[in-house]
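Asker: My structure is stored as upload_28.cif, with mmCIF, C-alpha atoms.
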data_upload
loop_
_atom_site.label_atom_id
_atom_site.label_comp_id
_atom_site.auth_asym_id
_atom_site.auth_seq_id
_atom_site.Cartn_x
_atom_site.Cartn_y
_atom_site.Cartn_z
CA MET L 8 0.00 0.00 0.00
CA GLN L 9 2.82 2.33 0.89
CA LYS L 10 4.51 1.58 -2.44
CA ILE L 11 1.33 2.43 -4.39
CA SER L 12 0.99 5.76 -2.56
CA LYS L 13 4.48 6.76 -3.56
CA ASN L 14 3.79 6.01 -7.23
CA VAL L 15 0.56 8.01 -7.12
CA VAL L 16 2.35 10.95 -5.54
CA LEU L 17 5.12 10.84 -8.15
CA ALA L 18 2.56 10.66 -10.94
CA LEU L 19 0.64 13.62 -9.58
CA LEU L 20 3.84 15.66 -9.23
CA SER L 21 4.87 14.82 -12.79
CA LEU L 22 1.43 15.75 -14.13
CA THR L 23 1.42 19.02 -12.19
CA SER L 24 4.88 19.91 -13.53
CA LEU L 25 3.80 19.16 -17.09
CA VAL L 26 0.68 21.30 -16.78
CA PHE L 27 2.72 24.17 -15.34
CA LEU L 28 5.25 23.90 -18.15
CA LEU L 29 2.51 23.96 -20.79
CA PHE L 30 0.99 27.01 -19.12
CA GLN L 31 4.36 28.79 -19.21
CA LEU L 32 4.79 28.04 -22.90
CA TYR L 33 1.27 29.28 -23.65
CA TYR L 34 1.80 32.45 -21.60
CA TYR L 35 5.13 33.14 -23.26
CA LYS L 36 3.82 32.63 -26.77
CA PHE L 37 0.51 34.49 -26.57
CA TYR L 38 1.31 37.23 -24.04
CA LEU L 39 4.99 37.97 -23.61
CA SER L 40 5.76 37.55 -27.30
CA GLN L 41 3.22 40.24 -28.17
CA LYS L 42 4.39 42.51 -25.38
CA ASN L 43 8.16 42.12 -25.64
CA GLY L 44 8.73 40.87 -29.15
CA ALA L 45 10.23 37.54 -28.07
CA VAL L 46 8.52 35.39 -30.70
CA PHE L 47 6.68 36.77 -33.72
CA SER L 48 4.32 35.21 -36.16
CA LYS L 49 4.49 36.06 -39.82
CA VAL L 50 3.38 39.57 -40.67
CA ARG L 51 2.50 40.27 -44.30
CA GLY L 52 4.83 37.58 -45.54
CA ARG L 53 7.72 38.53 -43.24
CA GLN L 54 10.08 36.02 -41.78
CA SER L 55 9.19 34.61 -38.41
CA GLY L 56 11.29 33.77 -35.36
CA GLN L 57 14.62 35.50 -34.78
CA ASP L 58 14.55 37.40 -38.10
CA GLY L 59 11.10 38.80 -37.31
CA THR L 60 12.25 39.77 -33.84
CA ARG L 61 14.77 42.22 -35.25
CA TRP L 62 12.17 43.90 -37.47
CA HIS L 63 9.66 44.19 -34.62
CA VAL L 64 12.23 45.63 -32.20
CA VAL L 65 13.24 48.26 -34.76
CA ARG L 66 9.57 49.07 -35.39
CA LYS L 67 8.88 49.50 -31.67
CA PHE L 68 11.97 51.66 -31.24
CA LEU L 69 10.97 53.92 -34.13
CA GLY L 70 7.53 54.21 -32.57
CA LEU L 71 9.13 55.09 -29.25
CA ILE L 72 11.28 57.93 -30.57
CA SER L 73 8.48 59.16 -32.85
CA SER L 74 6.14 59.49 -29.85
CA HIS L 75 8.70 61.88 -28.31
CA ASN L 76 9.37 63.80 -31.57
CA ILE L 77 13.01 62.71 -31.66
CA GLN L 78 14.85 62.73 -34.99
CA VAL L 79 17.18 59.79 -35.52
CA TYR L 80 18.80 58.36 -38.62
CA LEU L 81 20.11 54.93 -39.52
CA ILE L 82 23.90 54.48 -39.47
CA ASP L 83 24.09 50.71 -39.14
CA PRO L 84 26.91 49.68 -41.51
CA LEU L 85 25.49 46.23 -42.25
CA ILE L 86 22.04 47.53 -43.19
CA LEU L 87 23.38 50.58 -45.05
CA GLY L 88 25.61 48.28 -47.06
CA LEU L 89 22.56 46.28 -48.15
CA VAL L 90 20.53 49.44 -48.76
CA ASP L 91 23.30 50.98 -50.87
CA LYS L 92 23.06 48.11 -53.34
CA ASP L 93 19.36 48.83 -53.87
CA ILE L 94 19.37 52.58 -53.23
CA GLU L 95 17.72 53.59 -56.53
CA GLN L 96 14.96 51.02 -56.09
CA ILE L 97 14.40 52.12 -52.48
CA ARG L 98 14.25 55.79 -53.45
CA SER L 99 11.62 55.18 -56.11
CA SER L 100 9.58 52.54 -54.28
CA ASP L 101 6.19 53.60 -52.90
CA GLY L 102 4.52 50.24 -52.35
CA PRO L 103 4.70 47.60 -49.61
CA SER L 104 7.79 45.40 -49.36
CA PRO L 105 7.20 41.78 -50.40
CA GLU L 106 9.70 40.53 -47.81
CA CYS L 107 11.83 41.65 -44.89
CA LYS L 108 15.18 42.05 -46.62
CA TYR L 109 17.12 44.59 -44.57
CA PHE L 110 15.99 44.82 -40.94
CA CYS L 111 15.69 41.02 -40.76
CA ALA L 112 19.35 40.52 -41.70
CA PRO L 113 21.28 38.58 -39.00
CA ARG L 114 22.92 40.90 -36.45
CA ASP L 115 22.94 41.59 -32.71
CA PHE L 116 22.32 45.36 -32.94
CA THR L 117 20.71 47.99 -35.08
CA THR L 118 22.53 51.31 -34.91
CA PHE L 119 20.94 54.76 -35.13
CA ALA L 120 22.35 58.25 -34.64
CA LEU L 121 20.92 61.22 -32.79
CA LEU L 122 21.99 64.85 -33.02
CA ASP L 123 22.21 66.10 -29.45
CA LYS L 124 20.56 69.46 -30.09
CA THR L 125 17.35 67.77 -31.30
CA TRP L 126 16.18 66.57 -27.87
CA LYS L 127 16.58 67.23 -24.15
CA HIS L 128 13.91 65.23 -22.32
CA GLU L 129 15.39 61.79 -21.83
CA VAL L 130 13.56 61.00 -18.58
CA GLY L 131 10.19 60.81 -20.32
CA LEU L 132 11.70 58.69 -23.07
CA PHE L 133 13.07 56.16 -20.59
CA ARG L 134 9.73 55.85 -18.82
CA THR L 135 7.92 55.18 -22.07
CA ALA L 136 10.63 52.73 -23.13
CA GLU L 137 10.19 50.74 -19.93
CA LYS L 138 6.42 50.60 -20.43
CA MET L 139 7.04 49.18 -23.90
CA GLY L 140 9.25 46.45 -22.46
CA PHE L 141 12.66 47.94 -23.26
CA GLN L 142 15.61 47.75 -20.91
CA TRP L 143 18.01 50.64 -21.37
CA LEU L 144 21.54 51.71 -20.55
CA LYS L 145 23.00 55.21 -20.67
CA ILE L 146 26.75 55.80 -21.13
CA ILE L 147 28.20 59.20 -20.24
CA ASN L 148 31.70 60.66 -20.28
CA LYS L 149 33.55 63.97 -20.21
CA ASP L 150 32.69 66.65 -22.75
CA PRO L 151 35.88 67.48 -24.71
CA ARG L 152 34.25 70.52 -26.34
CA LEU L 153 34.65 72.42 -23.08
CA ASP L 154 38.35 71.65 -22.79
CA GLY L 155 40.86 74.30 -23.76
CA MET L 156 44.24 75.75 -23.04
CA ASP L 157 42.95 77.62 -19.99
CA HIS L 158 40.43 75.11 -18.67
CA LEU L 159 39.98 71.34 -18.53
CA SER L 160 36.31 70.50 -18.05
CA GLY L 161 34.98 67.68 -15.90
CA ILE L 162 31.40 67.98 -17.15
CA GLU L 163 29.94 64.70 -18.42
CA ILE L 164 27.50 64.32 -21.30
CA PRO L 165 25.51 61.36 -22.72
CA LEU L 166 27.41 59.61 -25.51
CA HIS L 167 25.59 56.33 -26.10
CA TYR L 168 22.27 54.67 -25.29
CA ILE L 169 21.41 50.98 -25.53
CA PHE L 170 17.76 49.88 -25.74
CA LYS L 171 17.31 46.11 -25.40
CA LEU L 172 14.15 44.16 -26.13
CA ALA L 173 13.95 40.37 -26.33
CA SER L 174 17.09 39.14 -28.12
CA HIS L 175 17.84 42.33 -30.05
CA ALA L 176 19.25 45.72 -29.07
CA ILE L 177 19.24 49.24 -30.48
CA HIS L 178 22.47 51.20 -30.22
CA LEU L 179 21.77 54.95 -30.26
CA VAL L 180 24.92 56.99 -30.87
CA VAL L 181 24.79 60.66 -29.84
CA PHE L 182 26.49 63.07 -32.24
CA TYR L 183 27.59 66.56 -31.18
CA GLU L 184 28.46 69.51 -33.38
CA ARG L 185 32.05 70.72 -33.07
CA SER L 186 33.49 74.11 -33.91
CA GLY L 187 35.15 72.83 -37.10
CA ASN L 188 31.70 72.41 -38.71
CA TYR L 189 31.57 68.64 -38.26
CA VAL L 190 29.80 66.18 -35.95
CA TRP L 191 31.56 64.02 -33.36
CA HIS L 192 30.70 61.03 -31.22
CA GLY L 193 32.58 59.90 -28.14
CA PRO L 194 33.92 56.51 -27.10
CA LEU L 195 31.83 53.96 -25.25
CA ARG L 196 33.48 53.39 -21.88
CA LEU L 197 31.53 51.51 -19.22
CA LYS L 198 31.60 52.75 -15.64
CA GLN L 199 32.71 50.40 -12.88
CA HIS L 200 29.17 49.62 -11.70
CA MET L 201 27.69 48.88 -15.14
CA ASP L 202 26.61 45.43 -16.29
CA ARG L 203 29.20 44.29 -18.84
CA LYS L 204 26.94 41.44 -19.92
CA PHE L 205 23.99 43.69 -20.73
CA VAL L 206 24.78 43.24 -24.45
CA PRO L 207 27.84 41.95 -26.36
CA PHE L 208 29.56 45.34 -26.36
CA ARG L 209 32.56 44.12 -28.35
CA LYS L 210 30.32 43.64 -31.38
CA LEU L 211 29.24 47.29 -31.51
CA HIS L 212 30.24 49.14 -34.67
CA PHE L 213 30.54 52.52 -32.92
CA GLY L 214 32.19 53.41 -29.62
CA ARG L 215 35.51 51.60 -29.70
CA TYR L 216 37.02 55.06 -30.27
CA PRO L 217 35.72 58.60 -30.91
CA GLY L 218 34.67 59.42 -34.47
CA ALA L 219 34.17 62.52 -36.60
CA TYR L 220 31.95 62.95 -39.66
CA GLU L 221 30.76 65.60 -42.06
CA LYS L 222 27.35 66.99 -41.18
CA PRO L 223 24.94 64.51 -42.75
CA GLU L 224 22.44 65.24 -45.47
CA LEU L 225 19.51 62.93 -44.78
CA LEU L 226 16.95 61.16 -46.92
CA LEU L 227 13.60 59.78 -45.72
CA VAL L 228 12.90 56.37 -47.22
CA SER L 229 10.81 53.28 -46.60
CA ILE L 230 12.84 50.19 -45.69
CA ASP L 231 10.91 46.98 -45.08
CA ASP L 232 7.77 49.13 -44.71
CA LEU L 233 9.37 51.25 -41.96
CA LYS L 234 9.88 54.97 -42.53
CA VAL L 235 13.44 55.85 -41.57
CA GLN L 236 16.02 58.52 -42.33
CA ILE L 237 19.36 57.48 -43.81
CA PRO L 238 22.44 59.36 -45.09
CA LYS L 239 21.60 60.59 -48.58
CA ASN L 240 24.67 58.84 -49.95
CA PRO L 241 25.12 55.61 -47.95
CA SER L 242 28.31 54.59 -49.77
CA SER L 243 29.98 57.92 -48.91
CA PHE L 244 29.01 57.53 -45.27
CA LEU L 245 30.40 53.99 -45.16
CA GLU L 246 33.63 55.18 -46.77
CA GLU L 247 33.84 58.02 -44.26
CA MET L 248 33.27 55.54 -41.44
CA SER L 249 36.38 53.59 -42.44
CA HIS L 250 38.64 56.54 -41.57
CA SER L 251 36.52 58.36 -38.98
CA ARG L 252 38.69 57.76 -35.91
CA PHE L 253 39.11 61.07 -34.06
CA LEU L 254 42.15 62.12 -32.03
CA GLU L 255 41.50 64.80 -29.44
CA CYS L 256 44.03 67.57 -28.94
CA ARG L 257 46.36 66.95 -25.98
CA TYR L 258 45.57 70.06 -23.97
CA ARG L 259 47.45 69.05 -20.83
CA GLU L 260 50.67 68.40 -22.76
CA ALA L 261 50.22 71.64 -24.70
CA ARG L 262 49.84 73.61 -21.48
CA ALA L 263 53.03 72.03 -20.14
CA PHE L 264 54.84 72.97 -23.37
CA PHE L 265 53.77 76.60 -23.17
CA GLN L 266 54.91 76.82 -19.56
CA LEU L 267 58.42 76.12 -20.83
CA TYR L 268 58.08 77.97 -24.14
CA PRO L 269 55.49 80.78 -23.97
CA ASP L 270 53.22 81.00 -27.00
CA ASP L 271 53.68 83.75 -29.57
CA ALA L 272 50.62 85.96 -29.14
CA SER L 273 51.82 88.77 -31.40
CA LEU L 274 49.55 90.29 -34.04
CA ASP L 275 51.61 88.74 -36.82
CA ALA L 276 51.27 85.28 -35.25
CA VAL L 277 47.51 85.67 -34.86
CA LYS L 278 47.15 86.77 -38.51
CA PHE L 279 49.29 83.93 -39.80
CA ARG L 280 47.37 81.29 -37.85
CA LYS L 281 44.08 82.63 -39.17
CA LYS L 282 45.34 82.50 -42.76
CA ALA L 283 46.86 79.04 -42.26
CA LYS L 284 43.62 77.60 -40.87
CA SER L 285 41.64 79.17 -43.72
CA LEU L 286 44.07 77.66 -46.23
CA LEU L 287 43.84 74.26 -44.52
CA HIS L 288 40.04 74.40 -44.68
CA LEU L 289 40.12 75.24 -48.41
CA ALA L 290 42.63 72.46 -49.08
CA ALA L 291 40.44 69.96 -47.22
CA LEU L 292 37.38 70.95 -49.25
CA THR L 293 39.31 70.62 -52.50
CA LEU L 294 40.85 67.23 -51.75
CA ASN L 295 37.58 65.88 -50.34
CA SER L 296 35.76 66.91 -53.51
CA LEU L 297 38.26 64.78 -55.46
CA GLY L 298 37.97 61.84 -53.06
CA VAL L 299 41.67 62.12 -52.16
CA LYS L 300 42.59 61.05 -48.63
CA PHE L 301 45.11 63.22 -46.82
CA TRP L 302 46.56 63.97 -43.40
CA LEU L 303 48.42 66.68 -41.53
CA SER L 304 52.12 66.31 -42.16
CA SER L 305 55.49 67.74 -41.09
CA GLY L 306 55.33 71.02 -39.16
CA THR L 307 51.53 71.28 -39.32
CA CYS L 308 51.18 67.87 -37.69
CA LEU L 309 53.83 68.76 -35.09
CA GLY L 310 51.99 71.97 -34.19
CA TRP L 311 48.71 70.13 -33.61
CA TYR L 312 50.33 67.33 -31.61
CA ARG L 313 52.66 69.46 -29.49
CA GLN L 314 50.78 72.69 -28.91
CA CYS L 315 47.22 72.27 -30.27
CA ASN L 316 47.76 74.99 -32.82
CA VAL L 317 49.62 76.06 -35.93
CA ILE L 318 53.30 76.85 -35.32
CA PRO L 319 53.43 80.60 -36.01
CA TYR L 320 56.93 80.66 -37.48
CA SER L 321 56.38 77.74 -39.91
CA LYS L 322 54.93 80.02 -42.63
CA ASP L 323 53.20 77.20 -44.50
CA VAL L 324 50.68 74.37 -44.26
CA ASP L 325 51.83 70.78 -44.84
CA LEU L 326 49.68 67.84 -45.96
CA GLY L 327 50.52 64.23 -46.78
CA VAL L 328 48.94 62.05 -49.47
CA PHE L 329 49.72 58.49 -50.56
CA ILE L 330 51.05 58.46 -54.12
CA ARG L 331 48.51 55.74 -54.96
CA ASP L 332 45.79 58.37 -54.36
CA TYR L 333 47.37 60.91 -56.71
CA LYS L 334 45.07 62.28 -59.40
CA ALA L 335 45.93 64.48 -62.35
CA ASP L 336 42.92 66.64 -61.39
CA ILE L 337 44.62 67.85 -58.19
CA ILE L 338 46.49 70.78 -59.75
CA PRO L 339 43.53 72.08 -61.84
CA ALA L 340 41.22 71.71 -58.81
CA PHE L 341 43.46 73.83 -56.57
CA GLN L 342 43.91 76.44 -59.29
CA LYS L 343 40.14 76.59 -59.69
CA ALA L 344 39.88 77.10 -55.91
CA GLY L 345 42.15 80.17 -56.21
CA LEU L 346 45.43 78.50 -55.24
CA PRO L 347 47.91 78.71 -58.15
CA LEU L 348 50.74 76.19 -58.44
CA LYS L 349 53.98 77.66 -57.11
CA HIS L 350 56.34 74.68 -57.36
CA LYS L 351 56.28 71.13 -58.64
CA PHE L 352 59.19 68.96 -57.62
CA GLY L 353 59.93 65.36 -58.58
CA LYS L 354 57.78 63.03 -60.63
CA VAL L 355 54.77 60.86 -59.93
CA GLU L 356 57.03 57.82 -59.84
CA ASP L 357 59.60 59.48 -57.58
CA SER L 358 59.55 62.20 -54.86
CA LEU L 359 56.54 64.19 -56.08
CA GLU L 360 55.82 67.38 -54.13
CA LEU L 361 53.32 70.12 -54.98
CA SER L 362 53.34 73.65 -53.58
CA PHE L 363 50.43 76.07 -53.97
CA GLN L 364 50.34 79.77 -53.19
CA GLY L 365 47.80 80.85 -50.62
CA GLU L 366 46.89 84.28 -49.30
CA ASP L 367 49.89 86.65 -49.04
CA ASP L 368 53.01 84.62 -48.28
CA VAL L 369 51.30 81.53 -46.84
CA LYS L 370 51.74 78.45 -49.01
CA LEU L 371 50.40 74.92 -49.06
CA ASP L 372 52.83 72.01 -49.47
CA ILE L 373 51.53 68.55 -50.40
CA PHE L 374 54.01 65.73 -49.89
CA PHE L 375 53.36 62.40 -51.57
CA PHE L 376 54.29 59.25 -49.68
CA TYR L 377 55.64 56.09 -51.28
CA GLU L 378 55.23 52.61 -49.79
CA GLU L 379 58.03 50.05 -49.82
CA ASP L 380 58.04 46.50 -48.45
CA ASP L 381 58.55 47.41 -44.80
CA HIS L 382 58.46 51.22 -44.73
CA MET L 383 57.17 54.32 -46.46
CA TRP L 384 58.89 57.57 -47.37
CA ASN L 385 58.38 60.96 -48.97
CA GLY L 386 60.77 63.02 -51.01
CA GLY L 387 61.80 66.63 -50.56
CA THR L 388 63.56 69.04 -52.86
CA GLN L 389 65.46 72.15 -51.83
CA ALA L 390 64.02 74.97 -53.95
CA LYS L 391 67.23 76.95 -54.41
CA SER L 392 69.76 74.16 -54.93
CA GLY L 393 67.55 71.43 -56.35
CA LYS L 394 68.96 68.91 -53.90
CA LYS L 395 66.69 65.95 -53.21
CA PHE L 396 66.07 64.42 -49.82
CA LYS L 397 64.31 61.26 -48.73
CA TYR L 398 62.42 61.11 -45.42
#
Rewrite the coordinates I just gave you, this time as structure tokens.
Answerer:
Amino acid sequence: MQKISKNVVLALLSLTSLVFLLFQLYYYKFYLSQKNGAVFSKVRGRQSGQDGTRWHVVRKFLGLISSHNIQVYLIDPLILGLVDKDIEQIRSSDGPSPECKYFCAPRDFTTFALLDKTWKHEVGLFRTAEKMGFQWLKIINKDPRLDGMDHLSGIEIPLHYIFKLASHAIHLVVFYERSGNYVWHGPLRLKQHMDRKFVPFRKLHFGRYPGAYEKPELLLVSIDDLKVQIPKNPSSFLEEMSHSRFLECRYREARAFFQLYPDDASLDAVKFRKKAKSLLHLAALTLNSLGVKFWLSSGTCLGWYRQCNVIPYSKDVDLGVFIRDYKADIIPAFQKAGLPLKHKFGKVEDSLELSFQGEDDVKLDIFFFYEEDDHMWNGGTQAKSGKKFKY
């Protein structure tokens, strides 16, 4: 009798456990999946399961930011790469999408950008996000825009937001306008108390280091039946992303330098620096219009690195360009921009150097760099003697 009682008890426990498990599965499928986007049925022919989850999370996020009148735009490199291939079709399309082609693509995150000046009321956004089932994380750090030679700011600003729902997350990157007429985003650095397992942070496309971009021109399109803003030229944005890493000026080191060697604050120095920066800006516009990559070189690079400014006694602006990026259009483009050619030294195949005349006596020197097996070099020619040098 005792043995039979034990079997009955075990059977009842097993049955109870099974019923409870079935109830959990039912609850998860028909309640939580609708609330949190965990499992999705097919919607107008869309893919179901994990692929559908990504689309639904993006849709809910866009609804969230739209309800708070926040302007965001898509900067996810994976999705923009897919969109760029079909950009003409997407621009002209006005009907429903037959399938989920872009937002259902396999990935852990979808990345959007936000211009800081377009919103200020994050508390209300977070409350609404929580009601919609999102978990969120806010990453802040010091504001470098307030740093300078006379003051090092400790003020912190929001740099990144993560909104997580079900198995997908939205990475919202905050862009700030900088005085050089460009937008900047900061690095993503977690504070000591933050949950490092909140999302797979190492897979994020933005935040490993600060980045700088041209101010975006945006285009409103429909992607997988979702209205979203994207960079007007996705391929240009993706190209810009590949070399967007931003290096902040080293203000502390510059202050230490000027304590040993006081800065030249004379009127002549102020005028020269103004002309040099104007010439640098014009050169950047010209080379960018040609798609030629360049960098600060020689004395101009030294001035930025050592003292956060143009060296007043250098009397010129120096840029570097890889010889593989040389284009015959460079000289005509600079002449059209009002910078006549002053000198041309060397040849394309050896030690090429171009010098253009800027305002008054300020000139622009472009040094071309050549790559060897284990090093690279640029040539230099002494104007008076014609002697050639190799650096």
Asker: Residues within 7 Å of segment 160-171 of chain L, please, as a ChimeraX atom specification. Count only C-alpha atoms; anything in the same chain fewer than 6 positions from it doesn't count.
Answerer: /L:141-150,153-154,177-181,192-193,195
Asker: Using C-alpha atoms, can you write the selected residues to a file as a compact mmCIF listing (two decimals), in the coordinates of the input?
Answerer:
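Result file part11.txt:
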# COMPACT_ATOMS: atom_id res chain seq x y z
CA PHE L 141 12.66 47.94 -23.26
CA GLN L 142 15.61 47.75 -20.91
CA TRP L 143 18.01 50.64 -21.37
CA LEU L 144 21.54 51.71 -20.55
CA LYS L 145 23.00 55.21 -20.67
CA ILE L 146 26.75 55.80 -21.13
CA ILE L 147 28.20 59.20 -20.24
CA ASN L 148 31.70 60.66 -20.28
CA LYS L 149 33.55 63.97 -20.21
CA ASP L 150 32.69 66.65 -22.75
CA LEU L 153 34.65 72.42 -23.08
CA ASP L 154 38.35 71.65 -22.79
CA ILE L 177 19.24 49.24 -30.48
CA HIS L 178 22.47 51.20 -30.22
CA LEU L 179 21.77 54.95 -30.26
CA VAL L 180 24.92 56.99 -30.87
CA VAL L 181 24.79 60.66 -29.84
CA HIS L 192 30.70 61.03 -31.22
CA GLY L 193 32.58 59.90 -28.14
CA LEU L 195 31.83 53.96 -25.25
Asker: Grab the atom CA of Val317 of chain L to atom CA of Arg280 of chain L distance for me, in Å with one decimal place.
Answerer: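 Atom CA of Arg280 of chain L lies at a distance of 6.0 Å from atom CA of Val317 of chain L.
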Asker: Pick the closest to Lys278 of chain L from L:Tyr320, L:Phe244, L:Phe264, L:Phe341: which is it, counting only C-alpha atoms?
Answerer: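 That would be L:Tyr320, the residue with the smallest distance to Lys278 of chain L.
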Asker: Ranking L:Asp325, L:Glu247, L:Asp91, L:Asp357 by minimum distance to Lys397 of chain L and counting all atoms listed in the file, which one comes first?
Answerer: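 Smallest distance to Lys397 of chain L is found for L:Asp357.
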Asker: Considering all atoms listed in the file, return as a PyMOL selection string whatever protein or nucleic-acid residues lie within 9 Å of Ile94 of chain L, sequence-local ones (same chain, fewer than 5 positions apart) excluded.
Answerer: chain L and resi 89+99+240-241
Asker: Mind dumping the selected residues with C-alpha atoms as a JSON list (two decimals), in the frame of the given file?
Answerer:
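Final output, out_39.json:
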[["chain", "number", "residue", "atom", "x", "y", "z"],
["L", 89, "LEU", "CA", 22.56, 46.28, -48.15],
["L", 99, "SER", "CA", 11.62, 55.18, -56.11],
["L", 240, "ASN", "CA", 24.67, 58.84, -49.95],
["L", 241, "PRO", "CA", 25.12, 55.61, -47.95]]
Asker: For His350 of chain L, which residue out of L:Ile373, L:Val328, L:Ala219, L:Leu227 is the nearest one, using only C-alpha atoms?
Answerer: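 Nearest to His350 of chain L: L:Ile373.
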Asker: Please measure the separation of atom CA of Asn295 of chain L and atom CA of Gln96 of chain L, giving the value in Å to one decimal.
Answerer: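 About the pair atom CA of Asn295 of chain L and atom CA of Gln96 of chain L: they are 27.7 Å apart.
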Asker: Have a look at L:Asp381, L:Ala390, L:Lys138, L:Arg98 and name the one nearest to Ser362 of chain L; count all atoms listed in the file.
Answerer: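 Selected residue with least distance to Ser362 of chain L: L:Ala390.
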Asker: Counting all atoms listed in the file, figure out which residue out of L:Gly187, L:Met201, L:Glu246, L:Arg196 gets nearest to Leu287 of chain L.
Answerer: L:Gly187
Asker: Running the PyMOL selection byres ((chain L and resi 309) around 12) on this model by hand, what would come out? Give it as a list in words.
Answerer: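 On this input, the PyMOL selection byres ((chain L and resi 309) around 12) captures Cys256, Arg257, Ala261, Leu303, Ser304, Ser305, Gly306, Thr307, Cys308, Gly310, Trp311, Tyr312, Arg313, Gln314, Cys315, Asn316, Val317, Ile318, Pro319, Ser321, Val324, Asp325 and Leu326 of chain L.
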Asker: Keeping N, CA and C atoms, write segment 121-133 of chain L of the structure just shown out as a PDB file, in the first residue's frame.
Answerer:
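Wrote it out as result_37.pdb, contents follow:
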ATOM      1  N   LEU L 121      21.753  60.127 -33.308  1.00  0.00           N
ATOM      2  CA  LEU L 121      20.924  61.219 -32.791  1.00  0.00           C
ATOM      3  C   LEU L 121      21.780  62.460 -32.670  1.00  0.00           C
ATOM      4  N   LEU L 122      21.298  63.576 -33.218  1.00  0.00           N
ATOM      5  CA  LEU L 122      21.991  64.851 -33.018  1.00  0.00           C
ATOM      6  C   LEU L 122      21.557  65.424 -31.684  1.00  0.00           C
ATOM      7  N   ASP L 123      22.511  65.722 -30.836  1.00  0.00           N
ATOM      8  CA  ASP L 123      22.215  66.104 -29.455  1.00  0.00           C
ATOM      9  C   ASP L 123      21.245  67.270 -29.354  1.00  0.00           C
ATOM     10  N   LYS L 124      21.377  68.250 -30.224  1.00  0.00           N
ATOM     11  CA  LYS L 124      20.557  69.455 -30.094  1.00  0.00           C
ATOM     12  C   LYS L 124      19.077  69.217 -30.402  1.00  0.00           C
ATOM     13  N   THR L 125      18.732  68.022 -30.904  1.00  0.00           N
ATOM     14  CA  THR L 125      17.350  67.768 -31.302  1.00  0.00           C
ATOM     15  C   THR L 125      16.473  67.265 -30.170  1.00  0.00           C
ATOM     16  N   TRP L 126      17.034  67.011 -28.978  1.00  0.00           N
ATOM     17  CA  TRP L 126      16.180  66.570 -27.870  1.00  0.00           C
ATOM     18  C   TRP L 126      16.851  66.856 -26.534  1.00  0.00           C
ATOM     19  N   LYS L 127      16.039  66.944 -25.482  1.00  0.00           N
ATOM     20  CA  LYS L 127      16.581  67.229 -24.151  1.00  0.00           C
ATOM     21  C   LYS L 127      15.853  66.461 -23.048  1.00  0.00           C
ATOM     22  N   HIS L 128      14.764  65.795 -23.368  1.00  0.00           N
ATOM     23  CA  HIS L 128      13.913  65.227 -22.323  1.00  0.00           C
ATOM     24  C   HIS L 128      14.031  63.699 -22.291  1.00  0.00           C
ATOM     25  N   GLU L 129      15.142  63.223 -21.794  1.00  0.00           N
ATOM     26  CA  GLU L 129      15.388  61.790 -21.833  1.00  0.00           C
ATOM     27  C   GLU L 129      14.612  61.026 -20.762  1.00  0.00           C
ATOM     28  N   VAL L 130      14.266  61.687 -19.661  1.00  0.00           N
ATOM     29  CA  VAL L 130      13.561  60.996 -18.580  1.00  0.00           C
ATOM     30  C   VAL L 130      12.227  60.439 -19.073  1.00  0.00           C
ATOM     31  N   GLY L 131      11.467  61.259 -19.780  1.00  0.00           N
ATOM     32  CA  GLY L 131      10.188  60.808 -20.319  1.00  0.00           C
ATOM     33  C   GLY L 131      10.357  59.687 -21.322  1.00  0.00           C
ATOM     34  N   LEU L 132      11.433  59.743 -22.106  1.00  0.00           N
ATOM     35  CA  LEU L 132      11.698  58.691 -23.073  1.00  0.00           C
ATOM     36  C   LEU L 132      11.964  57.368 -22.365  1.00  0.00           C
ATOM     37  N   PHE L 133      12.752  57.393 -21.319  1.00  0.00           N
ATOM     38  CA  PHE L 133      13.074  56.164 -20.595  1.00  0.00           C
ATOM     39  C   PHE L 133      11.831  55.537 -19.964  1.00  0.00           C
TER      40      PHE L 133
END
